[in-house]
>>> print(open('entry.pdb').read())   # PDB, C-alpha atoms
ATOM      1  CA  MET A 209     -46.913  -0.665  -0.831
ATOM      2  CA  ARG A 210     -47.342   1.575   2.106
ATOM      3  CA  PRO A 211     -45.379   4.850   2.414
ATOM      4  CA  LYS A 212     -44.952   5.635  -1.283
ATOM      5  CA  THR A 213     -45.376   8.819  -3.205
ATOM      6  CA  SER A 214     -46.976   7.227  -6.239
ATOM      7  CA  LEU A 215     -48.575   4.043  -7.553
ATOM      8  CA  THR A 216     -48.191   0.561  -6.082
ATOM      9  CA  ALA A 217     -47.187  -2.778  -7.481
ATOM     10  CA  GLY A 218     -50.872  -3.526  -7.773
ATOM     11  CA  LEU A 219     -50.848  -1.476 -10.932
ATOM     12  CA  PHE A 220     -48.391  -3.924 -12.389
ATOM     13  CA  ALA A 221     -51.292  -6.350 -12.540
ATOM     14  CA  ALA A 222     -51.391  -5.559 -16.248
ATOM     15  CA  LEU A 223     -48.528  -8.028 -16.458
ATOM     16  CA  VAL A 224     -50.659 -10.652 -14.773
ATOM     17  CA  LEU A 225     -53.425 -10.048 -17.274
ATOM     18  CA  ALA A 226     -51.025 -10.184 -20.183
ATOM     19  CA  THR A 227     -49.225 -13.351 -19.156
ATOM     20  CA  THR A 228     -51.652 -15.518 -17.190
ATOM     21  CA  PRO A 229     -55.286 -16.520 -17.334
ATOM     22  CA  LEU A 230     -57.102 -15.538 -14.160
ATOM     23  CA  LEU A 231     -59.579 -17.229 -11.940
ATOM     24  CA  THR A 232     -58.876 -20.883 -11.173
ATOM     25  CA  THR A 233     -59.342 -21.823  -7.535
ATOM     26  CA  SER A 234     -57.633 -24.944  -6.253
ATOM     27  CA  ALA A 235     -59.823 -26.313  -3.468
ATOM     28  CA  ASN A 236     -59.813 -29.560  -1.525
ATOM     29  CA  ALA A 237     -63.078 -31.045  -0.331
ATOM     30  CA  ALA A 238     -63.277 -31.596   3.394
ATOM     31  CA  ALA A 239     -65.576 -34.113   5.045
ATOM     32  CA  PRO A 240     -69.251 -33.255   4.475
ATOM     33  CA  PRO A 241     -70.870 -31.515   7.408
ATOM     34  CA  ALA A 242     -73.876 -33.349   8.820
ATOM     35  CA  GLY A 243     -76.846 -32.876   6.542
ATOM     36  CA  GLY A 244     -75.013 -30.453   4.254
ATOM     37  CA  GLN A 245     -72.814 -30.145   1.199
ATOM     38  CA  PRO A 246     -69.067 -30.841   1.319
ATOM     39  CA  ALA A 247     -67.124 -27.892   2.706
ATOM     40  CA  LYS A 248     -64.594 -26.445   0.282
ATOM     41  CA  VAL A 249     -61.268 -25.712   1.942
ATOM     42  CA  ALA A 250     -58.508 -23.955  -0.003
ATOM     43  CA  GLU A 251     -55.085 -25.294   0.937
ATOM     44  CA  PHE A 252     -51.714 -24.504  -0.642
ATOM     45  CA  SER A 253     -48.217 -25.642   0.203
ATOM     46  CA  ASP A 254     -44.891 -25.394  -1.560
ATOM     47  CA  ASN A 255     -41.693 -26.423   0.238
ATOM     48  CA  PHE A 256     -39.589 -25.857  -2.891
ATOM     49  CA  ASP A 257     -38.026 -29.298  -2.783
ATOM     50  CA  GLY A 258     -36.122 -30.360  -5.851
ATOM     51  CA  PRO A 259     -32.682 -30.496  -7.460
ATOM     52  CA  ALA A 260     -30.497 -27.411  -7.445
ATOM     53  CA  GLY A 261     -31.116 -25.257 -10.509
ATOM     54  CA  SER A 262     -34.531 -26.704 -11.269
ATOM     55  CA  ALA A 263     -37.603 -24.602 -11.967
ATOM     56  CA  VAL A 264     -40.474 -23.933  -9.607
ATOM     57  CA  ASP A 265     -43.504 -26.211  -9.784
ATOM     58  CA  GLY A 266     -45.469 -25.076 -12.816
ATOM     59  CA  SER A 267     -48.666 -26.548 -11.403
ATOM     60  CA  LYS A 268     -48.459 -23.991  -8.581
ATOM     61  CA  TRP A 269     -46.721 -20.917 -10.007
ATOM     62  CA  THR A 270     -46.560 -18.873 -13.196
ATOM     63  CA  LEU A 271     -43.519 -16.738 -13.952
ATOM     64  CA  GLU A 272     -44.462 -13.304 -15.249
ATOM     65  CA  THR A 273     -42.318 -11.495 -17.803
ATOM     66  CA  GLY A 274     -41.784  -7.829 -18.596
ATOM     67  CA  ASP A 275     -41.031  -4.545 -16.873
ATOM     68  CA  ASN A 276     -43.116  -2.184 -14.716
ATOM     69  CA  VAL A 277     -43.438   1.442 -15.771
ATOM     70  CA  ASN A 278     -46.178   2.119 -13.192
ATOM     71  CA  ASN A 279     -43.804   1.858 -10.255
ATOM     72  CA  HIS A 280     -40.753   2.942 -12.274
ATOM     73  CA  GLU A 281     -39.011  -0.267 -11.292
ATOM     74  CA  ARG A 282     -35.762  -0.950 -13.140
ATOM     75  CA  GLN A 283     -35.820  -4.732 -13.562
ATOM     76  CA  TYR A 284     -37.080  -6.970 -16.350
ATOM     77  CA  TYR A 285     -38.844 -10.080 -15.048
ATOM     78  CA  THR A 286     -37.723 -13.217 -16.861
ATOM     79  CA  SER A 287     -39.058 -16.741 -17.203
ATOM     80  CA  GLY A 288     -37.004 -19.899 -16.877
ATOM     81  CA  THR A 289     -34.408 -20.515 -14.165
ATOM     82  CA  ASP A 290     -31.978 -17.628 -14.653
ATOM     83  CA  ASN A 291     -33.701 -15.544 -11.981
ATOM     84  CA  ALA A 292     -35.904 -18.052 -10.127
ATOM     85  CA  ALA A 293     -34.672 -21.539  -9.292
ATOM     86  CA  LEU A 294     -34.563 -24.092  -6.489
ATOM     87  CA  ASP A 295     -31.281 -24.311  -4.579
ATOM     88  CA  GLY A 296     -31.426 -28.033  -3.786
ATOM     89  CA  ASN A 297     -31.777 -27.298  -0.062
ATOM     90  CA  GLY A 298     -35.532 -26.784   0.022
ATOM     91  CA  ASN A 299     -35.539 -23.132  -0.979
ATOM     92  CA  LEU A 300     -36.677 -21.017  -3.887
ATOM     93  CA  VAL A 301     -34.092 -18.355  -4.730
ATOM     94  CA  ILE A 302     -35.248 -15.271  -6.617
ATOM     95  CA  THR A 303     -32.145 -13.506  -7.859
ATOM     96  CA  ALA A 304     -31.840  -9.903  -9.031
ATOM     97  CA  LYS A 305     -28.881  -9.408 -11.348
ATOM     98  CA  LYS A 306     -27.277  -6.373 -12.909
ATOM     99  CA  GLU A 307     -27.313  -7.634 -16.475
ATOM    100  CA  ASN A 308     -29.306  -7.734 -19.689
ATOM    101  CA  PRO A 309     -28.383 -10.949 -21.496
ATOM    102  CA  GLY A 310     -31.599 -10.988 -23.532
ATOM    103  CA  ASN A 311     -31.268  -7.405 -24.748
ATOM    104  CA  TYR A 312     -34.560  -6.630 -23.002
ATOM    105  CA  SER A 313     -36.198  -3.234 -23.398
ATOM    106  CA  CYS A 314     -37.637  -1.459 -20.355
ATOM    107  CA  TRP A 315     -39.712   1.702 -20.005
ATOM    108  CA  TYR A 316     -36.516   3.740 -19.615
ATOM    109  CA  GLY A 317     -34.540   2.104 -22.446
ATOM    110  CA  PRO A 318     -32.306  -0.990 -22.420
ATOM    111  CA  CYS A 319     -32.964  -2.826 -19.156
ATOM    112  CA  GLU A 320     -30.218  -2.681 -16.547
ATOM    113  CA  TYR A 321     -31.395  -5.504 -14.286
ATOM    114  CA  THR A 322     -33.236  -8.829 -14.363
ATOM    115  CA  SER A 323     -35.264 -10.523 -11.634
ATOM    116  CA  ALA A 324     -38.341 -12.726 -11.193
ATOM    117  CA  ARG A 325     -41.994 -12.444 -10.212
ATOM    118  CA  LEU A 326     -44.263 -15.469  -9.612
ATOM    119  CA  ASN A 327     -48.006 -15.673  -9.123
ATOM    120  CA  THR A 328     -50.645 -18.330  -8.478
ATOM    121  CA  ALA A 329     -53.418 -16.589 -10.468
ATOM    122  CA  SER A 330     -54.309 -19.477 -12.756
ATOM    123  CA  LYS A 331     -53.355 -22.141 -10.208
ATOM    124  CA  PHE A 332     -54.692 -21.210  -6.771
ATOM    125  CA  THR A 333     -56.889 -18.607  -5.117
ATOM    126  CA  THR A 334     -58.351 -18.376  -1.650
ATOM    127  CA  THR A 335     -60.893 -16.371   0.276
ATOM    128  CA  TYR A 336     -59.745 -15.984   3.904
ATOM    129  CA  GLY A 337     -57.356 -18.295   5.707
ATOM    130  CA  HIS A 338     -53.853 -18.159   7.136
ATOM    131  CA  ALA A 339     -51.197 -17.334   4.527
ATOM    132  CA  GLU A 340     -47.527 -17.377   5.419
ATOM    133  CA  ALA A 341     -44.060 -17.553   3.927
ATOM    134  CA  ARG A 342     -40.699 -18.099   5.583
ATOM    135  CA  MET A 343     -38.124 -15.981   3.816
ATOM    136  CA  LYS A 344     -34.737 -14.335   4.023
ATOM    137  CA  VAL A 345     -34.782 -10.961   2.298
ATOM    138  CA  PRO A 346     -31.930  -9.186   0.504
ATOM    139  CA  GLN A 347     -30.259  -5.987   1.647
ATOM    140  CA  GLY A 348     -29.184  -3.009  -0.409
ATOM    141  CA  GLN A 349     -30.365   0.338  -1.659
ATOM    142  CA  GLY A 350     -33.053  -0.135  -4.287
ATOM    143  CA  MET A 351     -34.056  -3.677  -3.294
ATOM    144  CA  TRP A 352     -37.809  -4.293  -2.944
ATOM    145  CA  PRO A 353     -38.872  -7.870  -2.069
ATOM    146  CA  ALA A 354     -42.567  -8.585  -1.549
ATOM    147  CA  PHE A 355     -45.040 -11.345  -0.671
ATOM    148  CA  TRP A 356     -48.562 -10.145  -1.462
ATOM    149  CA  MET A 357     -52.018 -10.905  -2.865
ATOM    150  CA  LEU A 358     -54.367  -9.460  -5.495
ATOM    151  CA  GLY A 359     -58.096  -9.973  -5.976
ATOM    152  CA  GLU A 360     -58.814 -12.497  -8.723
ATOM    153  CA  ASP A 361     -61.356 -10.122 -10.286
ATOM    154  CA  ILE A 362     -58.684  -7.646 -11.340
ATOM    155  CA  GLY A 363     -59.452  -8.430 -14.983
ATOM    156  CA  SER A 364     -63.045  -7.226 -14.669
ATOM    157  CA  THR A 365     -62.836  -4.799 -11.738
ATOM    158  CA  GLY A 366     -59.376  -3.333 -12.199
ATOM    159  CA  TRP A 367     -57.011  -2.088  -9.541
ATOM    160  CA  PRO A 368     -57.484  -0.996  -6.769
ATOM    161  CA  GLY A 369     -61.128  -2.107  -6.835
ATOM    162  CA  CYS A 370     -60.006  -5.741  -6.814
ATOM    163  CA  GLY A 371     -58.119  -5.189  -3.561
ATOM    164  CA  GLU A 372     -54.490  -5.787  -2.649
ATOM    165  CA  ILE A 373     -53.087  -7.343   0.541
ATOM    166  CA  ASP A 374     -49.364  -6.776   1.065
ATOM    167  CA  ILE A 375     -48.310  -9.453   3.526
ATOM    168  CA  MET A 376     -44.658  -8.378   3.546
ATOM    169  CA  GLU A 377     -42.712  -5.641   1.802
ATOM    170  CA  ASN A 378     -39.216  -4.444   2.578
ATOM    171  CA  ILE A 379     -37.061  -1.756   1.026
ATOM    172  CA  GLY A 380     -33.298  -1.979   1.142
ATOM    173  CA  SER A 381     -32.826   1.356   2.872
ATOM    174  CA  GLU A 382     -34.816  -0.010   5.862
ATOM    175  CA  PRO A 383     -33.134  -3.359   6.549
ATOM    176  CA  SER A 384     -34.738  -3.757   9.976
ATOM    177  CA  THR A 385     -38.350  -2.974   9.002
ATOM    178  CA  VAL A 386     -41.061  -4.664   6.965
ATOM    179  CA  HIS A 387     -44.509  -3.348   6.058
ATOM    180  CA  GLY A 388     -48.007  -4.830   5.768
ATOM    181  CA  THR A 389     -50.636  -2.852   3.864
ATOM    182  CA  ILE A 390     -54.075  -3.026   2.262
ATOM    183  CA  HIS A 391     -55.066  -1.127  -0.878
ATOM    184  CA  GLY A 392     -58.576  -0.579  -2.187
ATOM    185  CA  PRO A 393     -60.826   2.116  -3.662
ATOM    186  CA  GLY A 394     -60.033   5.370  -1.860
ATOM    187  CA  TYR A 395     -57.013   3.986   0.011
ATOM    188  CA  SER A 396     -54.455   2.987  -2.600
ATOM    189  CA  GLY A 397     -50.924   3.978  -3.526
ATOM    190  CA  GLY A 398     -49.493   6.383  -0.976
ATOM    191  CA  GLU A 399     -52.869   6.283   0.812
ATOM    192  CA  GLY A 400     -52.706   2.549   1.477
ATOM    193  CA  ILE A 401     -53.547   1.577   5.056
ATOM    194  CA  GLY A 402     -50.916  -0.355   6.978
ATOM    195  CA  ALA A 403     -48.114  -0.460   9.502
ATOM    196  CA  GLY A 404     -44.494  -1.450   9.861
ATOM    197  CA  TYR A 405     -42.760  -4.004  12.067
ATOM    198  CA  SER A 406     -39.138  -3.515  13.138
ATOM    199  CA  LEU A 407     -36.694  -5.995  14.619
ATOM    200  CA  PRO A 408     -35.093  -4.996  17.931
ATOM    201  CA  ASN A 409     -31.490  -4.043  18.578
ATOM    202  CA  GLY A 410     -30.608  -3.206  15.002
ATOM    203  CA  GLN A 411     -31.160  -6.720  13.704
ATOM    204  CA  LYS A 412     -31.694  -6.964   9.945
ATOM    205  CA  PHE A 413     -34.207  -9.101   8.079
ATOM    206  CA  SER A 414     -31.395 -10.042   5.700
ATOM    207  CA  ASP A 415     -29.493 -11.745   8.531
ATOM    208  CA  ASP A 416     -31.806 -14.730   8.898
ATOM    209  CA  PHE A 417     -35.108 -16.317   7.866
ATOM    210  CA  HIS A 418     -38.336 -14.869   9.248
ATOM    211  CA  THR A 419     -41.973 -15.925   8.906
ATOM    212  CA  PHE A 420     -44.413 -13.368   7.504
ATOM    213  CA  ALA A 421     -48.136 -14.067   7.751
ATOM    214  CA  VAL A 422     -51.679 -12.791   7.629
ATOM    215  CA  ASP A 423     -54.758 -14.231   9.270
ATOM    216  CA  TRP A 424     -57.671 -13.218   7.070
ATOM    217  CA  SER A 425     -61.305 -13.643   8.045
ATOM    218  CA  PRO A 426     -64.543 -11.847   7.124
ATOM    219  CA  GLU A 427     -63.963  -8.106   7.617
ATOM    220  CA  LYS A 428     -60.673  -8.636   9.458
ATOM    221  CA  ILE A 429     -56.997  -9.034   8.494
ATOM    222  CA  THR A 430     -54.192  -9.470  11.038
ATOM    223  CA  TRP A 431     -50.454  -9.333  10.240
ATOM    224  CA  SER A 432     -47.624 -11.035  12.110
ATOM    225  CA  VAL A 433     -43.866 -11.588  11.926
ATOM    226  CA  ASP A 434     -42.488 -14.740  13.550
ATOM    227  CA  GLY A 435     -45.821 -15.132  15.329
ATOM    228  CA  ASN A 436     -45.772 -11.585  16.715
ATOM    229  CA  THR A 437     -48.965  -9.746  15.750
ATOM    230  CA  TYR A 438     -48.337  -6.116  14.822
ATOM    231  CA  GLN A 439     -51.540  -4.837  13.244
ATOM    232  CA  THR A 440     -55.191  -5.676  12.566
ATOM    233  CA  ARG A 441     -57.403  -3.958   9.979
ATOM    234  CA  THR A 442     -61.208  -3.968   9.684
ATOM    235  CA  PRO A 443     -63.745  -1.872   7.728
ATOM    236  CA  ALA A 444     -63.717   0.587  10.641
ATOM    237  CA  ASP A 445     -60.210   1.672   9.554
ATOM    238  CA  LEU A 446     -61.327   2.781   6.084
ATOM    239  CA  GLY A 447     -63.107   6.039   6.930
ATOM    240  CA  GLY A 448     -66.222   4.975   5.063
ATOM    241  CA  ASP A 449     -64.417   3.596   1.994
ATOM    242  CA  ARG A 450     -65.370   0.170   0.679
ATOM    243  CA  TRP A 451     -63.882  -3.036   2.123
ATOM    244  CA  VAL A 452     -62.913  -5.233  -0.844
ATOM    245  CA  PHE A 453     -61.457  -8.268   0.913
ATOM    246  CA  ASP A 454     -64.299 -10.781   0.928
ATOM    247  CA  HIS A 455     -63.622 -12.621  -2.346
ATOM    248  CA  PRO A 456     -60.847 -14.841  -3.795
ATOM    249  CA  PHE A 457     -57.255 -13.566  -4.033
ATOM    250  CA  PHE A 458     -54.115 -15.056  -5.573
ATOM    251  CA  MET A 459     -50.532 -14.832  -4.256
ATOM    252  CA  ILE A 460     -47.438 -13.121  -5.660
ATOM    253  CA  LEU A 461     -43.735 -13.365  -4.821
ATOM    254  CA  ASN A 462     -41.285 -10.940  -6.399
ATOM    255  CA  LEU A 463     -38.011  -9.084  -6.017
ATOM    256  CA  ALA A 464     -38.140  -5.652  -7.627
ATOM    257  CA  VAL A 465     -35.143  -3.418  -8.282
ATOM    258  CA  GLY A 466     -35.689   0.301  -7.871
ATOM    259  CA  GLY A 467     -38.990   2.150  -8.061
ATOM    260  CA  TYR A 468     -40.685   5.161  -6.543
ATOM    261  CA  TRP A 469     -40.661   3.837  -2.998
ATOM    262  CA  PRO A 470     -37.216   2.226  -2.540
ATOM    263  CA  GLY A 471     -35.392   4.494  -4.986
ATOM    264  CA  ASP A 472     -32.844   3.187  -7.458
ATOM    265  CA  PRO A 473     -29.708   1.199  -6.633
ATOM    266  CA  ASP A 474     -26.597   3.289  -6.081
ATOM    267  CA  GLY A 475     -22.870   2.749  -5.713
ATOM    268  CA  SER A 476     -23.381   0.996  -2.393
ATOM    269  CA  THR A 477     -25.624  -1.707  -3.885
ATOM    270  CA  THR A 478     -23.990  -5.001  -4.720
ATOM    271  CA  PHE A 479     -25.301  -7.631  -7.149
ATOM    272  CA  PRO A 480     -26.555 -10.277  -7.364
ATOM    273  CA  GLN A 481     -29.175  -9.929  -4.617
ATOM    274  CA  GLN A 482     -31.383 -12.804  -3.486
ATOM    275  CA  LEU A 483     -34.788 -13.355  -1.925
ATOM    276  CA  VAL A 484     -34.650 -16.863  -0.432
ATOM    277  CA  VAL A 485     -38.021 -18.531   0.229
ATOM    278  CA  ASP A 486     -38.167 -21.609   2.444
ATOM    279  CA  TYR A 487     -41.888 -22.267   1.983
ATOM    280  CA  VAL A 488     -45.281 -20.736   1.204
ATOM    281  CA  ARG A 489     -48.444 -22.094   2.854
ATOM    282  CA  VAL A 490     -52.135 -21.294   2.985
ATOM    283  CA  THR A 491     -54.477 -23.063   5.389
ATOM    284  CA  GLY A 492     -58.104 -22.615   6.344
ATOM    285  CA  GLY A 493     -59.193 -20.682   3.280
ATOM    286  CA  ASN A 494     -62.220 -21.354   1.097
TER
END
>>> encode(input="entry.pdb", output="structure tokens")
Amino acid sequence: MRPKTSLTAGLFAALVLATTPLLTTSANAAAPPAGGQPAKVAEFSDNFDGPAGSAVDGSKWTLETGDNVNNHERQYYTSGTDNAALDGNGNLVITAKKENPGNYSCWYGPCEYTSARLNTASKFTTTYGHAEARMKVPQGQGMWPAFWMLGEDIGSTGWPGCGEIDIMENIGSEPSTVHGTIHGPGYSGGEGIGAGYSLPNGQKFSDDFHTFAVDWSPEKITWSVDGNTYQTRTPADLGGDRWVFDHPFFMILNLAVGGYWPGDPDGSTTFPQQLVVDYVRVTGGN
């Protein structure tokens, strides 16, 4: 969560701890190297195939529930298919709605919005590899879609010591720009280290699908959009602070409404808003 004035979504990891068990790595055994043990290769793929209105694959994703006081987001994350469902055309649709059908309570009082947040914490983790998602983001003041990762040791180490890799974040007031950021001890919140990528000629990320990716290897993370590399980070960028990106991480997809960074929705914001995800893939991890 790069240019913010306060805490990041990593602090919302309390929800992860409250709603999901941590630490299960899904790994596929590759062919044994000569004279050695089988190599463990972490692979993940979800094309979101299924009937319209059906739920995401519960063997791959867990839906978190609750609100997020740390970022002062306005939504309540729900389970079920009201805010996260397949569209029947090979997409996951995360929908933010201006409603409170469950009479949910948020940090500021009765919740004004609902949305969804999914993670792979108890299903899949990876160390290194190529992680990507093809998505079409929403547009509107106060919208905050994200595809990101947290260190699996958040339960024992806490945030930001566990590390956070933001593969893609967008705020509705910047429809042409996305951000990639790392957070760790000494470089978290508004001090996160990252960069933005902007489309040319006033194009908006809400106009079409785009592919957001990181290539993550020992002591190196590189970000790209549609295959165009726009930043690389190594321990040399941390000013002597500790690099915390050499252990397993799990993935998160969410659509937040409001918060310190994007600001709250206003009269120009229409609802519902949708984050449409074509696929999520991880290859080459371990």
>>> resolve_selection(input="entry.pdb", expression="the PyMOL selection byres ((chain A and resi 477-494) around 6)", output="ChimeraX atom specification")
/A:248-255,299-305,334-346,348-349,473-476
>>> closest_residue(input="entry.pdb", among="A:Gly471, A:Gly404, A:Gly392, A:Pro443", to="Ile375 (chain A)", atoms="all atoms listed in the file")
A:Gly404
>>> atom_distance(input="entry.pdb", atom1="CA of Asn327 (chain A)", atom2="CA of Lys412 (chain A)")
26.6 Å
>>> atom_distance(input="entry.pdb", atom1="CA of Asp454 (chain A)", atom2="CA of Thr389 (chain A)")
16.1 Å
>>> residues_around(input="entry.pdb", residues="Asp374 (chain A)", least_positions_apart="6", cutoff="8 Å", atoms="all atoms listed in the file", output="list in words")
Met209, Ala354, Phe355, Trp356, Met357, His387, Gly388, Thr389 and Ile390 of chain A
>>> resolve_selection(input="entry.pdb", expression="the PyMOL selection byres ((chain A and resi 266) around 12)", output="number ranges by chain")
A: 254, 256, 262-265, 267-271, 287-288, 293, 326-332
>>> closest_residue(input="entry.pdb", among="A:Phe420, A:Leu463, A:Pro470, A:Glu360", to="Thr322 (chain A)", atoms="only C-alpha atoms")
A:Leu463
